[in-house]
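> Okay, handing you the structure first.
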Amino acid sequence: MAQSILRIASKKLASTAHTDTVTAIHVIIGQFRNIDIDSLKFAFDNIRPMYAGCSNCLLEAEVIAARATCRGCSRTYNPDMASSFRCPQCGNGVGQLITGEELDVIGITLR
């Protein structure tokens, strides 16, 4: 995952004139992506020197909470492990996941 993020930033840097450094990369990660942010940052920090212009860049990660629509009562709720992902109102399961599976680079700061 860290390699993919750095590849995206490197490509952006290579295609942008008059800049030679990536200072920050902002990503959003959905709660249901099963990505440990600390592990991602550890890997990112250890491999970033391998990518030209990225040796000192920061990884800014924002976690997007899971939101789902209940298949029974159509209520929108936050599915979680504690409730076995069931709707707190009627006990039915997830009908449709609205947010929580995101994994996107949403910003790259260049200098």
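Please note that chains go A, B, ... in the order of the structure tokens, that every chain numbers its residues from 1, and that ligands are numbered from 1 in the order shown.
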Which residues come within 8 Å of segment 33-42 of chain A, counting only C-alpha atoms, excluding same-chain residues fewer than 5 positions away, as a list of chain:residue names?
A:Met1, A:Ala2, A:Leu59, A:Ala61, A:Gly100, A:Glu101, A:Glu102, A:Leu103
> Keeping only N, CA and C atoms, write the selected residues as an mmCIF file, in the first residue's frame.

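As a result, part.cif now contains:
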```
data_model
loop_
_atom_site.group_PDB
_atom_site.id
_atom_site.type_symbol
_atom_site.label_atom_id
_atom_site.label_comp_id
_atom_site.auth_asym_id
_atom_site.auth_seq_id
_atom_site.Cartn_x
_atom_site.Cartn_y
_atom_site.Cartn_z
ATOM 1 N N MET A 1 0.821 -1.174 0.000
ATOM 2 C CA MET A 1 0.000 0.000 0.000
ATOM 3 C C MET A 1 0.879 1.258 0.000
ATOM 4 N N ALA A 2 1.900 1.261 0.846
ATOM 5 C CA ALA A 2 2.803 2.408 0.920
ATOM 6 C C ALA A 2 3.499 2.627 -0.423
ATOM 7 N N LEU A 59 3.043 11.505 5.391
ATOM 8 C CA LEU A 59 1.810 10.831 5.025
ATOM 9 C C LEU A 59 0.734 11.288 5.998
ATOM 10 N N ALA A 61 -2.994 10.633 6.901
ATOM 11 C CA ALA A 61 -4.052 9.649 6.678
ATOM 12 C C ALA A 61 -5.291 10.007 7.483
ATOM 13 N N GLY A 100 -16.803 3.721 3.994
ATOM 14 C CA GLY A 100 -16.005 2.816 4.807
ATOM 15 C C GLY A 100 -15.058 1.940 4.012
ATOM 16 N N GLU A 101 -15.181 1.971 2.678
ATOM 17 C CA GLU A 101 -14.282 1.176 1.843
ATOM 18 C C GLU A 101 -13.328 2.040 1.013
ATOM 19 N N GLU A 102 -13.277 3.326 1.316
ATOM 20 C CA GLU A 102 -12.434 4.239 0.553
ATOM 21 C C GLU A 102 -10.949 3.912 0.724
ATOM 22 N N LEU A 103 -10.200 4.192 -0.304
ATOM 23 C CA LEU A 103 -8.740 4.158 -0.269
ATOM 24 C C LEU A 103 -8.276 5.028 -1.428
#
```
> What lies within 12 Å of Met50 of chain A using only C-alpha atoms, ignoring chain neighbours under 5 positions off, as a list in words?
Ala2, Gln3, Leu6, Arg7, Ser10, Ala43, Phe44, Asp45, Ser55, Asn56 and Cys57 of chain A
> Go through A:Cys54, A:Asp104, A:Ser4, A:Asp80 and flag the residue nearest Arg67 of chain A, using only C-alpha atoms for the distances.
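For Arg67 of chain A, the nearest of the candidates is A:Asp80.
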> Would you please work out which residue, of A:Cys90, A:Met81, A:Ala9, A:Ile64, is nearest to Ala52 of chain A when using only C-alpha atoms?
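Closest residue, counting only C-alpha atoms: A:Ala9.
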> Quick one: DSSP strand (DSSP E) residues in chain A, as a PyMOL selection string?
chain A and resi 22-30+58-64+67-70+76-77+94-99+103-110
> For atom CA of Ala66 of chain A and atom CA of Val27 of chain A, quote the distance in Å rounded to one decimal.
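That distance, rounded to one decimal, is 16.1 Å.
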> Identify, on the basis of only C-alpha atoms, every residue whose closest approach to Asn92 of chain A does not exceed 9 Å; exclude the query and any residue fewer than 6 positions from it along the same chain; express the result as a PyMOL selection string.
chain A and resi 70-73+85-86
> Going by DSSP on the backbone, which bits of chain A are alpha helix (DSSP H)? Write them as a list in words, please.
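Matching residues for alpha helix (DSSP H) in chain A are Ala2, Gln3, Ser4, Ile5, Leu6, Arg7, Ile8, Ala9, Ser10, Lys11, Lys12, Leu13, Ala14, Ile37, Asp38, Ser39, Leu40, Lys41, Phe42, Ala43, Phe44, Asp45, Asn46 and Ile47 of chain A.
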> Any chance you could export the current selection's N, CA and C atoms as a PDB file, in the first residue's frame?

```
ATOM      1  N   ALA A   2       1.900   1.261   0.846  1.00  0.00           N
ATOM      2  CA  ALA A   2       2.803   2.408   0.920  1.00  0.00           C
ATOM      3  C   ALA A   2       3.499   2.627  -0.423  1.00  0.00           C
ATOM      4  N   GLN A   3       3.896   1.546  -1.077  1.00  0.00           N
ATOM      5  CA  GLN A   3       4.547   1.656  -2.392  1.00  0.00           C
ATOM      6  C   GLN A   3       3.597   2.274  -3.409  1.00  0.00           C
ATOM      7  N   SER A   4       2.361   1.850  -3.418  1.00  0.00           N
ATOM      8  CA  SER A   4       1.382   2.390  -4.367  1.00  0.00           C
ATOM      9  C   SER A   4       1.170   3.883  -4.155  1.00  0.00           C
ATOM     10  N   ILE A   5       1.084   4.288  -2.908  1.00  0.00           N
ATOM     11  CA  ILE A   5       0.895   5.708  -2.593  1.00  0.00           C
ATOM     12  C   ILE A   5       2.093   6.514  -3.073  1.00  0.00           C
ATOM     13  N   LEU A   6       3.290   6.016  -2.807  1.00  0.00           N
ATOM     14  CA  LEU A   6       4.499   6.722  -3.231  1.00  0.00           C
ATOM     15  C   LEU A   6       4.655   6.731  -4.750  1.00  0.00           C
ATOM     16  N   ARG A   7       4.242   5.677  -5.421  1.00  0.00           N
ATOM     17  CA  ARG A   7       4.283   5.656  -6.897  1.00  0.00           C
ATOM     18  C   ARG A   7       3.370   6.743  -7.479  1.00  0.00           C
ATOM     19  N   ILE A   8       2.198   6.884  -6.900  1.00  0.00           N
ATOM     20  CA  ILE A   8       1.261   7.914  -7.369  1.00  0.00           C
ATOM     21  C   ILE A   8       1.891   9.301  -7.208  1.00  0.00           C
ATOM     22  N   ALA A   9       2.488   9.547  -6.054  1.00  0.00           N
ATOM     23  CA  ALA A   9       3.122  10.846  -5.805  1.00  0.00           C
ATOM     24  C   ALA A   9       4.313  11.070  -6.735  1.00  0.00           C
ATOM     25  N   SER A  10       5.102  10.042  -6.975  1.00  0.00           N
ATOM     26  CA  SER A  10       6.263  10.160  -7.866  1.00  0.00           C
ATOM     27  C   SER A  10       5.835  10.493  -9.288  1.00  0.00           C
ATOM     28  N   LYS A  11       4.768   9.863  -9.744  1.00  0.00           N
ATOM     29  CA  LYS A  11       4.263  10.149 -11.093  1.00  0.00           C
ATOM     30  C   LYS A  11       3.778  11.587 -11.199  1.00  0.00           C
ATOM     31  N   LYS A  12       3.089  12.054 -10.164  1.00  0.00           N
ATOM     32  CA  LYS A  12       2.617  13.437 -10.153  1.00  0.00           C
ATOM     33  C   LYS A  12       3.799  14.396 -10.167  1.00  0.00           C
ATOM     34  N   LEU A  13       4.805  14.114  -9.372  1.00  0.00           N
ATOM     35  CA  LEU A  13       5.997  14.955  -9.313  1.00  0.00           C
ATOM     36  C   LEU A  13       6.689  14.997 -10.672  1.00  0.00           C
ATOM     37  N   ALA A  14       6.827  13.855 -11.313  1.00  0.00           N
ATOM     38  CA  ALA A  14       7.495  13.780 -12.616  1.00  0.00           C
ATOM     39  C   ALA A  14       6.739  14.530 -13.704  1.00  0.00           C
ATOM     40  N   ILE A  37      -3.254   2.027  10.282  1.00  0.00           N
ATOM     41  CA  ILE A  37      -2.620   3.296   9.928  1.00  0.00           C
ATOM     42  C   ILE A  37      -1.178   3.356  10.428  1.00  0.00           C
ATOM     43  N   ASP A  38      -0.930   2.902  11.639  1.00  0.00           N
ATOM     44  CA  ASP A  38       0.436   2.938  12.168  1.00  0.00           C
ATOM     45  C   ASP A  38       1.379   2.071  11.337  1.00  0.00           C
ATOM     46  N   SER A  39       0.922   0.905  10.928  1.00  0.00           N
ATOM     47  CA  SER A  39       1.748   0.025  10.085  1.00  0.00           C
ATOM     48  C   SER A  39       1.993   0.654   8.722  1.00  0.00           C
ATOM     49  N   LEU A  40       0.955   1.276   8.164  1.00  0.00           N
ATOM     50  CA  LEU A  40       1.105   1.946   6.875  1.00  0.00           C
ATOM     51  C   LEU A  40       2.133   3.069   6.973  1.00  0.00           C
ATOM     52  N   LYS A  41       2.041   3.885   8.016  1.00  0.00           N
ATOM     53  CA  LYS A  41       2.989   4.989   8.194  1.00  0.00           C
ATOM     54  C   LYS A  41       4.411   4.474   8.419  1.00  0.00           C
ATOM     55  N   PHE A  42       4.545   3.380   9.152  1.00  0.00           N
ATOM     56  CA  PHE A  42       5.864   2.784   9.386  1.00  0.00           C
ATOM     57  C   PHE A  42       6.481   2.350   8.056  1.00  0.00           C
ATOM     58  N   ALA A  43       5.719   1.634   7.249  1.00  0.00           N
ATOM     59  CA  ALA A  43       6.206   1.188   5.946  1.00  0.00           C
ATOM     60  C   ALA A  43       6.522   2.385   5.052  1.00  0.00           C
ATOM     61  N   PHE A  44       5.634   3.354   5.042  1.00  0.00           N
ATOM     62  CA  PHE A  44       5.812   4.563   4.235  1.00  0.00           C
ATOM     63  C   PHE A  44       7.116   5.265   4.604  1.00  0.00           C
ATOM     64  N   ASP A  45       7.332   5.482   5.896  1.00  0.00           N
ATOM     65  CA  ASP A  45       8.539   6.175   6.355  1.00  0.00           C
ATOM     66  C   ASP A  45       9.813   5.415   5.998  1.00  0.00           C
ATOM     67  N   ASN A  46       9.739   4.099   5.949  1.00  0.00           N
ATOM     68  CA  ASN A  46      10.924   3.302   5.658  1.00  0.00           C
ATOM     69  C   ASN A  46      11.251   3.192   4.177  1.00  0.00           C
ATOM     70  N   ILE A  47      10.259   3.337   3.309  1.00  0.00           N
ATOM     71  CA  ILE A  47      10.550   3.208   1.880  1.00  0.00           C
ATOM     72  C   ILE A  47      10.526   4.528   1.114  1.00  0.00           C
TER      73      ILE A  47
END
```
> I'd like the interatomic distance between atom CA of Thr19 of chain A and atom CA of Gly53 of chain A, to a tenth of an Å.
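Answer for the atom CA of Thr19 of chain A to atom CA of Gly53 of chain A separation: 9.2 Å.
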> Counting only C-alpha atoms, what is within 7 Å of segment 105-111 of chain A, bar same-chain residues fewer than 5 positions away, as an MDAnalysis selection string?
chainID A and resid 9 19:28
> Write the residues you've just listed into a file as a CSV table (one decimal), in the first residue's frame, and include N, CA and C atoms for each of them.

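Written output follows (selection08.csv):
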```csv
chain,number,residue,atom,x,y,z
A,9,ALA,N,2.5,9.5,-6.1
A,9,ALA,CA,3.1,10.8,-5.8
A,9,ALA,C,4.3,11.1,-6.7
A,19,THR,N,9.1,21.9,-10.1
A,19,THR,CA,9.0,21.4,-8.7
A,19,THR,C,9.8,20.1,-8.6
A,20,ASP,N,10.4,19.8,-7.5
A,20,ASP,CA,11.2,18.6,-7.4
A,20,ASP,C,11.0,17.9,-6.0
A,21,THR,N,10.1,18.3,-5.2
A,21,THR,CA,9.9,17.7,-3.9
A,21,THR,C,8.4,17.5,-3.6
A,22,VAL,N,8.1,16.4,-3.1
A,22,VAL,CA,6.8,16.1,-2.5
A,22,VAL,C,6.9,16.4,-1.0
A,23,THR,N,6.1,17.2,-0.4
A,23,THR,CA,6.2,17.5,1.0
A,23,THR,C,5.1,16.8,1.8
A,24,ALA,N,4.0,16.4,1.2
A,24,ALA,CA,2.9,15.7,1.9
A,24,ALA,C,2.0,15.0,0.9
A,25,ILE,N,1.5,13.9,1.4
A,25,ILE,CA,0.5,13.1,0.7
A,25,ILE,C,-0.6,12.8,1.6
A,26,HIS,N,-1.8,13.2,1.2
A,26,HIS,CA,-3.0,13.1,2.0
A,26,HIS,C,-3.9,11.9,1.4
A,27,VAL,N,-4.2,11.0,2.2
A,27,VAL,CA,-5.0,9.8,1.8
A,27,VAL,C,-6.2,9.7,2.7
A,28,ILE,N,-7.3,9.1,2.2
A,28,ILE,CA,-8.4,8.7,3.0
A,28,ILE,C,-8.5,7.2,2.9
```
